[in-house]
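Colleague: If it helps, the file is called work.cif and holds mmCIF, C-alpha atoms:
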data_coords
#
loop_
_atom_site.label_atom_id
_atom_site.label_comp_id
_atom_site.auth_asym_id
_atom_site.auth_seq_id
_atom_site.Cartn_x
_atom_site.Cartn_y
_atom_site.Cartn_z
CA MET B 1 -4.76 -47.06 89.05
CA ARG B 2 -3.86 -43.41 89.47
CA ASN B 3 -0.97 -44.43 91.72
CA ASN B 4 0.34 -46.69 88.96
CA LYS B 5 0.41 -43.80 86.46
CA LEU B 6 2.21 -41.64 88.97
CA ASN B 7 4.78 -44.40 89.48
CA ILE B 8 5.49 -44.54 85.75
CA LEU B 9 5.98 -40.79 85.69
CA THR B 10 8.31 -40.58 88.69
CA ASN B 11 10.21 -43.78 87.89
CA GLY B 12 12.51 -41.99 85.43
CA VAL B 13 13.12 -39.05 87.72
CA VAL B 14 14.34 -40.88 90.82
CA LYS B 15 14.38 -44.67 90.89
CA SER B 16 15.70 -45.31 87.39
CA ASN B 17 17.19 -41.93 86.64
CA PRO B 18 18.75 -42.44 83.18
CA THR B 19 21.93 -40.53 84.01
CA PHE B 20 22.83 -41.62 87.51
CA ARG B 21 21.09 -44.98 87.93
CA LEU B 22 20.89 -46.53 84.45
CA VAL B 23 24.03 -44.78 83.10
CA LEU B 24 22.54 -44.29 79.63
CA GLY B 25 23.15 -41.45 77.21
CA THR B 26 26.53 -40.62 78.69
CA CYS B 27 28.00 -38.89 75.63
CA PRO B 28 25.75 -35.79 75.67
CA THR B 29 25.79 -35.85 79.48
CA LEU B 30 29.52 -35.22 79.47
CA ALA B 31 29.85 -33.17 76.31
CA VAL B 32 27.25 -30.41 76.61
CA THR B 33 27.31 -29.79 80.36
CA THR B 34 30.05 -27.14 80.31
CA GLN B 35 27.22 -24.65 80.88
CA ALA B 36 23.98 -25.18 82.78
CA LEU B 37 21.92 -23.68 79.94
CA ASN B 38 23.33 -26.10 77.36
CA GLY B 39 22.50 -29.01 79.66
CA LEU B 40 18.93 -27.73 80.02
CA ALA B 41 18.54 -27.28 76.25
CA MET B 42 19.92 -30.75 75.53
CA GLY B 43 17.57 -32.20 78.13
CA ALA B 44 14.59 -30.42 76.59
CA ALA B 45 15.49 -31.64 73.10
CA VAL B 46 15.89 -35.23 74.32
CA THR B 47 12.60 -35.04 76.26
CA PHE B 48 10.74 -33.91 73.15
CA VAL B 49 12.22 -36.70 71.01
CA LEU B 50 11.65 -39.26 73.76
CA LEU B 51 7.99 -38.27 74.22
CA CYS B 52 7.23 -38.25 70.49
CA SER B 53 9.08 -41.47 69.71
CA ASN B 54 7.55 -43.30 72.69
CA VAL B 55 4.03 -42.28 71.63
CA MET B 56 4.63 -43.10 67.96
CA ILE B 57 6.22 -46.47 68.69
CA SER B 58 3.47 -47.34 71.14
CA ILE B 59 0.83 -46.55 68.50
CA LEU B 60 2.64 -48.59 65.84
CA LYS B 61 3.76 -51.45 68.08
CA ASN B 62 1.33 -53.96 66.56
CA VAL B 63 2.07 -52.87 62.98
CA ILE B 64 5.88 -53.09 63.08
CA PRO B 65 7.11 -56.64 62.43
CA ASP B 66 9.30 -57.94 65.22
CA ARG B 67 12.32 -58.68 63.03
CA VAL B 68 12.74 -55.16 61.68
CA ARG B 69 11.70 -53.33 64.84
CA ILE B 70 15.13 -51.83 65.60
CA PRO B 71 15.59 -50.18 62.16
CA ALA B 72 11.95 -49.02 62.32
CA PHE B 73 12.50 -47.47 65.78
CA VAL B 74 15.68 -45.78 64.58
CA VAL B 75 13.90 -44.21 61.60
CA ILE B 76 11.09 -42.90 63.83
CA ILE B 77 13.62 -41.45 66.28
CA ALA B 78 15.73 -39.94 63.48
CA THR B 79 12.63 -38.23 62.06
CA PHE B 80 11.88 -36.44 65.32
CA VAL B 81 15.55 -35.55 65.79
CA THR B 82 15.53 -33.92 62.36
CA VAL B 83 12.44 -31.94 63.40
CA VAL B 84 14.25 -30.69 66.53
CA GLN B 85 17.36 -29.83 64.48
CA MET B 86 15.39 -27.78 61.95
CA VAL B 87 13.35 -25.93 64.59
CA MET B 88 16.43 -25.13 66.67
CA GLN B 89 18.47 -23.98 63.68
CA LYS B 90 15.71 -21.58 62.73
CA PHE B 91 14.67 -20.19 66.13
CA LEU B 92 17.61 -20.79 68.50
CA PRO B 93 20.72 -20.53 66.30
CA SER B 94 23.13 -19.87 69.20
CA LEU B 95 22.04 -23.04 71.03
CA TYR B 96 22.17 -24.94 67.74
CA GLU B 97 25.83 -23.90 67.44
CA ALA B 98 26.60 -24.69 71.08
CA LEU B 99 25.17 -28.21 70.98
CA GLY B 100 26.87 -28.83 67.63
CA VAL B 101 27.28 -32.41 66.56
CA PHE B 102 25.47 -33.69 69.67
CA LEU B 103 22.11 -32.52 68.36
CA PRO B 104 21.99 -34.99 65.44
CA LEU B 105 23.61 -37.54 67.75
CA ILE B 106 20.39 -37.68 69.83
CA VAL B 107 19.48 -40.40 67.29
CA VAL B 108 21.99 -42.76 68.88
CA ASN B 109 21.28 -41.65 72.46
CA CYS B 110 20.79 -45.00 74.15
CA ILE B 111 18.05 -43.72 76.49
CA ILE B 112 15.62 -43.25 73.62
CA LEU B 113 16.19 -46.62 71.99
CA ALA B 114 16.26 -48.31 75.40
CA ARG B 115 12.84 -46.86 76.36
CA ALA B 116 11.43 -47.71 72.93
CA GLU B 117 12.59 -51.30 73.26
CA ALA B 118 11.92 -51.83 76.96
CA PHE B 119 8.77 -49.77 77.49
CA ALA B 120 6.97 -48.25 74.51
CA SER B 121 6.98 -51.42 72.42
CA CYS B 122 4.93 -53.29 75.04
CA ASN B 123 2.82 -50.64 76.81
CA PRO B 124 -0.26 -48.53 75.99
CA VAL B 125 0.08 -45.04 74.49
CA LEU B 126 -0.68 -42.99 77.62
CA ASP B 127 1.76 -44.97 79.78
CA SER B 128 4.46 -44.61 77.13
CA ALA B 129 3.90 -40.86 76.98
CA LEU B 130 4.19 -40.60 80.77
CA ASP B 131 7.34 -42.75 80.71
CA GLY B 132 8.82 -40.47 78.03
CA ILE B 133 8.06 -37.34 80.04
CA GLY B 134 9.39 -38.85 83.28
CA MET B 135 12.60 -40.21 81.75
CA GLY B 136 13.15 -36.98 79.82
CA PHE B 137 12.60 -34.90 82.94
CA GLY B 138 15.04 -37.07 84.92
CA PHE B 139 17.63 -36.67 82.17
CA THR B 140 17.09 -32.90 81.96
CA LEU B 141 17.35 -32.53 85.72
CA SER B 142 20.62 -34.48 85.89
CA LEU B 143 22.17 -32.64 82.94
CA THR B 144 21.21 -29.25 84.31
CA PHE B 145 22.60 -30.17 87.71
CA ILE B 146 25.94 -31.37 86.28
CA GLY B 147 25.99 -28.21 84.16
CA ILE B 148 25.40 -25.98 87.19
CA VAL B 149 28.25 -27.64 89.13
CA ARG B 150 30.70 -27.49 86.23
CA GLU B 151 29.83 -23.92 85.27
CA LEU B 152 30.07 -22.72 88.87
CA LEU B 153 33.46 -24.34 89.50
CA GLY B 154 34.89 -23.88 86.02
CA ALA B 155 33.70 -20.42 85.03
CA GLY B 156 32.34 -18.95 88.26
CA SER B 157 28.89 -18.25 86.86
CA PHE B 158 25.31 -19.51 87.18
CA PHE B 159 23.32 -19.89 83.93
CA GLY B 160 25.75 -17.41 82.33
CA LEU B 161 25.43 -14.81 85.11
CA PRO B 162 28.78 -14.15 86.80
CA ILE B 163 28.63 -14.60 90.59
CA GLY B 164 30.64 -11.90 92.38
CA SER B 165 34.37 -12.29 91.82
CA LEU B 166 34.12 -16.08 91.64
CA GLY B 167 35.23 -15.87 88.01
CA ASN B 168 38.71 -14.82 89.16
CA VAL B 169 39.32 -17.98 91.15
CA SER B 170 37.59 -20.43 88.78
CA MET B 171 39.22 -23.76 87.99
CA THR B 172 39.20 -24.13 84.21
CA VAL B 173 39.75 -27.89 84.46
CA PHE B 174 36.05 -28.31 85.30
CA ILE B 175 34.92 -27.11 81.90
CA LEU B 176 37.60 -29.19 80.18
CA PRO B 177 36.79 -32.82 79.27
CA ALA B 178 38.63 -34.18 82.33
CA GLY B 179 36.40 -32.14 84.65
CA GLY B 180 33.32 -33.64 82.97
CA PHE B 181 34.38 -37.17 83.88
CA LEU B 182 35.38 -36.04 87.35
CA VAL B 183 32.12 -34.23 88.21
CA TYR B 184 29.95 -36.99 86.71
CA GLY B 185 31.81 -39.70 88.64
CA THR B 186 31.70 -37.80 91.92
CA LEU B 187 28.00 -36.93 91.60
CA MET B 188 27.19 -40.54 90.75
CA ALA B 189 29.03 -41.68 93.89
CA LEU B 190 27.03 -39.10 95.88
CA VAL B 191 23.76 -40.43 94.44
CA ASN B 192 24.84 -43.99 95.30
CA PHE B 193 25.62 -42.85 98.83
CA LEU B 194 22.24 -41.13 99.29
CA THR B 195 20.43 -44.12 97.80
CA ARG B 196 22.15 -46.43 100.28
CA ILE B 197 21.14 -44.20 103.20
CA ALA B 198 17.54 -44.13 101.98
CA GLU B 199 17.52 -47.91 101.55
CA ASN B 200 19.00 -48.42 105.01
CA ARG B 201 16.19 -46.33 106.49
CA LYS B 202 13.66 -48.53 104.75
CA TYR B 203 15.35 -51.60 106.17
CA GLU B 204 15.30 -50.21 109.69
CA LYS B 205 11.53 -49.88 109.51
CA SER B 206 11.11 -53.61 109.31
CA ALA B 207 12.77 -55.92 111.81
CA GLU B 208 12.82 -58.71 109.31
CA HIS B 209 15.05 -56.79 106.97
CA ILE B 210 17.45 -55.93 109.78
CA ALA B 211 17.91 -59.60 110.56
CA SER B 212 18.60 -60.45 106.94
CA ALA B 213 20.98 -57.49 106.60
CA GLU B 214 22.95 -58.69 109.59
CA LYS B 215 23.14 -62.14 108.11
CA GLU B 216 24.57 -60.68 104.92
CA ALA B 217 27.08 -58.55 106.77
CA MET E 1 50.48 -33.40 53.09
CA ASN E 2 50.34 -31.26 56.19
CA LEU E 3 46.56 -31.60 56.41
CA TYR E 4 46.79 -35.40 56.28
CA PHE E 5 49.33 -35.37 59.11
CA ALA E 6 47.03 -33.06 61.09
CA ILE E 7 44.08 -35.42 60.57
CA ILE E 8 46.06 -38.48 61.68
CA VAL E 9 47.71 -36.99 64.78
CA GLY E 10 44.63 -34.90 65.53
CA SER E 11 42.15 -37.75 65.62
CA VAL E 12 44.39 -40.15 67.57
CA PHE E 13 45.87 -37.80 70.18
CA VAL E 14 44.93 -34.13 70.14
CA ASN E 15 41.19 -34.47 69.55
CA ASN E 16 40.86 -38.04 70.80
CA PHE E 17 37.26 -39.02 70.10
CA VAL E 18 36.57 -40.45 73.53
CA LEU E 19 38.70 -38.43 75.90
CA SER E 20 38.34 -34.97 74.46
CA GLN E 21 35.25 -35.04 72.23
CA PHE E 22 33.05 -37.37 74.31
CA LEU E 23 32.02 -39.58 71.41
CA GLY E 24 31.53 -43.29 72.08
CA ILE E 25 31.39 -43.04 75.86
CA CYS E 26 28.83 -45.85 76.27
CA PRO E 27 31.07 -48.66 74.92
CA PHE E 28 34.07 -46.90 76.50
CA LEU E 29 32.49 -47.40 79.94
CA GLY E 30 30.58 -50.60 79.16
CA VAL E 31 33.14 -52.79 77.36
CA SER E 32 36.33 -51.82 79.20
CA LYS E 33 36.41 -54.40 81.98
CA LYS E 34 39.08 -56.55 80.33
CA THR E 35 41.89 -55.60 77.94
CA ASN E 36 41.08 -58.43 75.51
CA THR E 37 37.44 -57.53 75.03
CA ALA E 38 38.38 -53.85 74.83
CA LEU E 39 40.82 -54.65 72.03
CA GLY E 40 38.17 -56.69 70.17
CA MET E 41 35.67 -53.83 70.45
CA GLY E 42 38.37 -51.39 69.32
CA PHE E 43 39.16 -53.34 66.14
CA ALA E 44 35.46 -53.71 65.32
CA VAL E 45 35.04 -49.93 65.73
CA ILE E 46 38.10 -49.13 63.55
CA PHE E 47 36.68 -51.38 60.83
CA VAL E 48 33.15 -49.95 60.89
CA MET E 49 34.26 -46.32 61.26
CA SER E 50 36.58 -46.48 58.22
CA LEU E 51 33.87 -48.10 56.09
CA ALA E 52 31.15 -45.77 57.38
CA SER E 53 33.27 -42.69 56.58
CA VAL E 54 33.67 -43.84 52.97
CA PHE E 55 30.03 -44.83 52.43
CA THR E 56 28.51 -41.77 54.06
CA TYR E 57 30.87 -39.57 52.02
CA ILE E 58 29.73 -41.19 48.79
CA VAL E 59 26.03 -40.98 49.65
CA ASN E 60 26.31 -37.40 50.90
CA GLU E 61 28.27 -36.23 47.84
CA PHE E 62 26.41 -38.05 45.08
CA VAL E 63 22.88 -38.44 46.47
CA LEU E 64 22.03 -35.94 49.19
CA LEU E 65 23.85 -32.90 47.76
CA LYS E 66 22.82 -33.67 44.18
CA LEU E 67 19.15 -33.91 45.10
CA HIS E 68 19.27 -31.08 47.68
CA LEU E 69 18.25 -33.41 50.46
CA GLU E 70 20.75 -32.14 53.05
CA TYR E 71 18.06 -32.16 55.74
CA MET E 72 17.81 -35.94 55.36
CA GLN E 73 21.44 -36.29 56.51
CA THR E 74 20.76 -37.68 59.99
CA ILE E 75 18.21 -40.25 58.80
CA ALA E 76 20.29 -41.29 55.79
CA PHE E 77 23.52 -41.68 57.76
CA ILE E 78 22.04 -43.75 60.57
CA LEU E 79 20.40 -46.07 58.04
CA ILE E 80 23.69 -46.44 56.14
CA ILE E 81 25.50 -47.28 59.37
CA ALA E 82 22.85 -49.77 60.50
CA ALA E 83 22.84 -51.48 57.09
CA LEU E 84 26.64 -51.44 56.97
CA VAL E 85 27.02 -53.03 60.38
CA GLN E 86 24.49 -55.70 59.45
CA SER E 87 26.16 -56.53 56.13
CA VAL E 88 29.66 -56.51 57.63
CA GLU E 89 28.38 -59.00 60.17
CA ILE E 90 26.97 -61.28 57.45
CA VAL E 91 30.10 -61.07 55.28
CA ILE E 92 32.50 -61.76 58.14
CA LYS E 93 30.35 -64.65 59.35
CA LYS E 94 30.50 -66.21 55.88
CA PHE E 95 34.16 -65.69 55.01
CA SER E 96 36.08 -65.57 58.26
CA PRO E 97 34.45 -67.46 61.13
CA SER E 98 37.51 -66.86 63.33
CA LEU E 99 37.28 -63.09 62.88
CA TYR E 100 33.53 -63.36 63.42
CA SER E 101 33.97 -65.12 66.73
CA ALA E 102 36.43 -62.40 67.76
CA LEU E 103 34.34 -59.39 66.67
CA GLY E 104 30.87 -60.90 66.37
CA VAL E 105 29.42 -59.93 69.72
CA TYR E 106 30.57 -56.31 69.41
CA LEU E 107 29.25 -55.62 65.93
CA PRO E 108 25.53 -55.11 66.75
CA LEU E 109 26.52 -52.74 69.56
CA ILE E 110 28.33 -50.47 67.13
CA THR E 111 25.15 -49.23 65.41
CA THR E 112 24.35 -47.15 68.49
CA ASN E 113 27.96 -46.10 69.07
CA CYS E 114 27.76 -42.37 68.59
CA ALA E 115 31.42 -42.22 67.52
CA VAL E 116 30.45 -43.78 64.18
CA LEU E 117 27.61 -41.39 63.37
CA GLY E 118 29.73 -38.62 64.89
CA VAL E 119 32.67 -39.18 62.56
CA ALA E 120 30.34 -39.24 59.55
CA ILE E 121 28.75 -35.91 60.51
CA LEU E 122 32.11 -34.30 61.39
CA ASN E 123 33.52 -35.34 57.99
CA VAL E 124 30.71 -33.46 56.29
CA GLN E 125 31.02 -30.43 58.60
CA LYS E 126 34.77 -30.19 57.95
CA ALA E 127 34.25 -30.68 54.18
CA TYR E 128 36.81 -33.50 53.95
CA ASN E 129 37.32 -35.25 50.60
CA LEU E 130 37.07 -39.02 50.21
CA LEU E 131 40.64 -39.84 51.30
CA GLN E 132 40.53 -37.38 54.20
CA SER E 133 37.19 -38.81 55.37
CA PHE E 134 38.59 -42.34 55.23
CA LEU E 135 41.71 -41.34 57.19
CA ASN E 136 39.66 -39.44 59.75
CA GLY E 137 37.41 -42.47 60.28
CA LEU E 138 40.32 -44.90 60.45
CA PHE E 139 42.42 -42.90 62.90
CA ALA E 140 39.47 -41.78 65.02
CA GLY E 141 38.87 -45.52 65.43
CA VAL E 142 42.53 -45.99 66.38
CA GLY E 143 42.14 -43.20 68.95
CA PHE E 144 39.02 -44.91 70.34
CA THR E 145 40.91 -48.21 70.59
CA LEU E 146 43.84 -46.55 72.35
CA ALA E 147 41.56 -44.92 74.91
CA ILE E 148 39.43 -48.00 75.63
CA VAL E 149 42.48 -50.30 75.95
CA LEU E 150 44.19 -47.84 78.31
CA LEU E 151 41.07 -47.60 80.46
CA ALA E 152 40.69 -51.40 80.50
CA GLY E 153 44.31 -51.66 81.66
CA VAL E 154 43.56 -49.29 84.52
CA ARG E 155 40.30 -51.04 85.46
CA GLU E 156 41.96 -54.46 85.59
CA ARG E 157 44.28 -53.14 88.27
CA ILE E 158 41.62 -51.50 90.44
CA ASN E 159 40.90 -53.66 93.46
CA PRO E 160 37.24 -53.09 94.44
CA LYS E 161 38.12 -53.70 98.09
CA ASN E 162 40.23 -50.55 98.16
CA VAL E 163 37.43 -48.41 96.70
CA PRO E 164 34.88 -46.68 98.98
CA GLU E 165 31.53 -48.41 98.61
CA SER E 166 29.76 -45.49 96.93
CA PHE E 167 32.51 -45.22 94.32
CA ARG E 168 32.44 -48.88 93.25
CA GLY E 169 31.53 -49.62 89.63
CA PHE E 170 30.86 -46.68 87.33
CA PRO E 171 31.98 -43.78 89.56
CA ILE E 172 35.56 -45.04 90.01
CA THR E 173 35.71 -45.83 86.28
CA LEU E 174 34.70 -42.24 85.53
CA ILE E 175 37.39 -40.93 87.88
CA ALA E 176 39.97 -43.14 86.12
CA ALA E 177 38.74 -41.78 82.78
CA ALA E 178 39.10 -38.24 84.15
CA LEU E 179 42.78 -38.90 84.94
CA LEU E 180 43.32 -40.38 81.46
CA SER E 181 41.60 -37.38 79.93
CA MET E 182 43.85 -35.02 81.91
CA GLY E 183 46.83 -36.86 80.45
CA PHE E 184 45.46 -36.48 76.94
CA SER E 185 44.75 -32.79 77.45
CA ALA E 186 48.54 -32.35 77.44
CA PHE E 187 48.38 -33.04 73.70
CA SER E 188 46.12 -30.04 73.06
CA GLY E 189 47.66 -27.48 70.77
CA MET E 190 50.41 -29.92 69.74
CA PHE E 191 51.71 -29.30 66.18
CA GLY E 192 49.36 -26.34 66.07
CA ILE E 193 46.30 -28.62 65.77
CA SER E 194 43.30 -27.22 67.55
#
What is this structure when it is put down as structure tokens?

Modeller:
Amino acid sequence: MRNNKLNILTNGVVKSNPTFRLVLGTCPTLAVTTQALNGLAMGAAVTFVLLCSNVMISILKNVIPDRVRIPAFVVIIATFVTVVQMVMQKFLPSLYEALGVFLPLIVVNCIILARAEAFASCNPVLDSALDGIGMGFGFTLSLTFIGIVRELLGAGSFFGLPIGSLGNVSMTVFILPAGGFLVYGTLMALVNFLTRIAENRKYEKSAEHIASAEKEA
Amino acid sequence: MNLYFAIIVGSVFVNNFVLSQFLGICPFLGVSKKTNTALGMGFAVIFVMSLASVFTYIVNEFVLLKLHLEYMQTIAFILIIAALVQSVEIVIKKFSPSLYSALGVYLPLITTNCAVLGVAILNVQKAYNLLQSFLNGLFAGVGFTLAIVLLAGVRERINPKNVPESFRGFPITLIAAALLSMGFSAFSGMFGIS
């Protein structure tokens, strides 16, 4: 039983990482990752909304009629997004400016609606909360990582701290939109590559799988 | 007049919604396998974005601002867009079955297209009037269509056999989009539009 809960929690971080494996929520992934800090903040905001909306939808899953579930989910999500917007505007105005239009756009972030539809609407409250935390953490991790790569190559700094004289040889293209697509695509290919290696190792452990793999090849 | 020109050229080329503002990436990557379907999605988006710009402008100006409910903007706009998409679907189904069969499958997807909510919020942020909002929505949709059709054209010509295994699928599409985006970055600063 405990193992099962742990699986739900880690599922979003590795196996179905929303950014690299499910390819959901790509707009903020590309738009806010010009700096590592912005990626982290976006991830935190999405995690909060995801956790709250998953819990709320899981609580209300038997009350919401099936036919109007999507509008109902959207209203619940929009409410929590508004909460995040107001809190950030008041206490973190510089981040509020940096994330700009992508903060209200968390409403249409497909990860949140996808988890509401696929998980929270048919699972108990605690599991949904764990799923929200796991998925949110996976998203935050990916965004921060893309942000670190882009900031390092594009501006020669790490979380805003300049690294030596790296700023003098930085390649601005990486913080331009084109660099976003480029880094995201390359990292996704890297993740695919590592996943294949890991899967191959699993296959090697069992002779049966080797035979079937050879048949396929 | 100059401002109208800036809105039109700006939203199609200089600040292309997809390639330089990262709005509407999900359908851009998801529905760009074939040029025909990309074109269908593009027209559906143009249609909904123009209508959404007008409706959200009216609601923002005459309801939210009048009643000092600005903080309800996100919730109000997403509900307007969801209701709009649903009613457009019903109307088209009733009056033009041929158009419905062409756009039908794409319409429900548009509710969660962040380009639509994005254009509505940007209209408010930039304090556009009704006509400017409409033009911004219309031509942002045209820019979206241009980008998605171009990408679909590229993807149709990519032979998966020539692509390294790890790059197959989404990664190579993202690389193609990066090259397109580099091309579009040449427009930046054109006509003094930033």

Colleague: From the list B:Val169, B:Val84, B:Leu37, B:Ala120, which residue is nearest chain E when using only C-alpha atoms?

Modeller: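 Closest to chain E of all the choices is B:Val84.
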
Colleague: Fewer than 4 positions away in the same chain doesn't count, so skip those; otherwise give me all residues within 9 Å of Leu150 in chain E, counting all atoms listed in the file, as JSON, numbers by chain.

Modeller: {"E": [32, 35, 145, 146, 154, 155, 180]}

Colleague: For the file shown, report as a PyMOL selection string the outcome of the PyMOL selection byres ((chain B) within 6 of (chain E)) at residue level.

Modeller: chain B and resi 27+31+78+108+177-178+181-182+185+188-189+192-193

Colleague: Which residues fall under the PyMOL selection byres ((chain E and resi 37) around 12) in this file, as JSON, numbers by chain?

Modeller: {"E": [27, 28, 30, 31, 32, 33, 34, 35, 36, 38, 39, 40, 41, 42, 43, 44, 101, 102, 103, 104, 105, 106, 145, 148, 149, 151, 152, 153, 156]}

Colleague: One decimal, in Å: what's the spacing between CA of Asn123 in chain B and CA of Phe20 in chain B?

Modeller: 24.4 Å

Colleague: Have a look at B:Leu143, B:Leu92, B:Cys122, B:Ala155 and name the one nearest to Leu176 in chain B; count all atoms listed in the file.

Modeller: B:Ala155

Colleague: Could you state the separation of CA of Lys61 in chain B and CA of Leu130 in chain B in Å, given to one decimal place?

Modeller: 16.7 Å
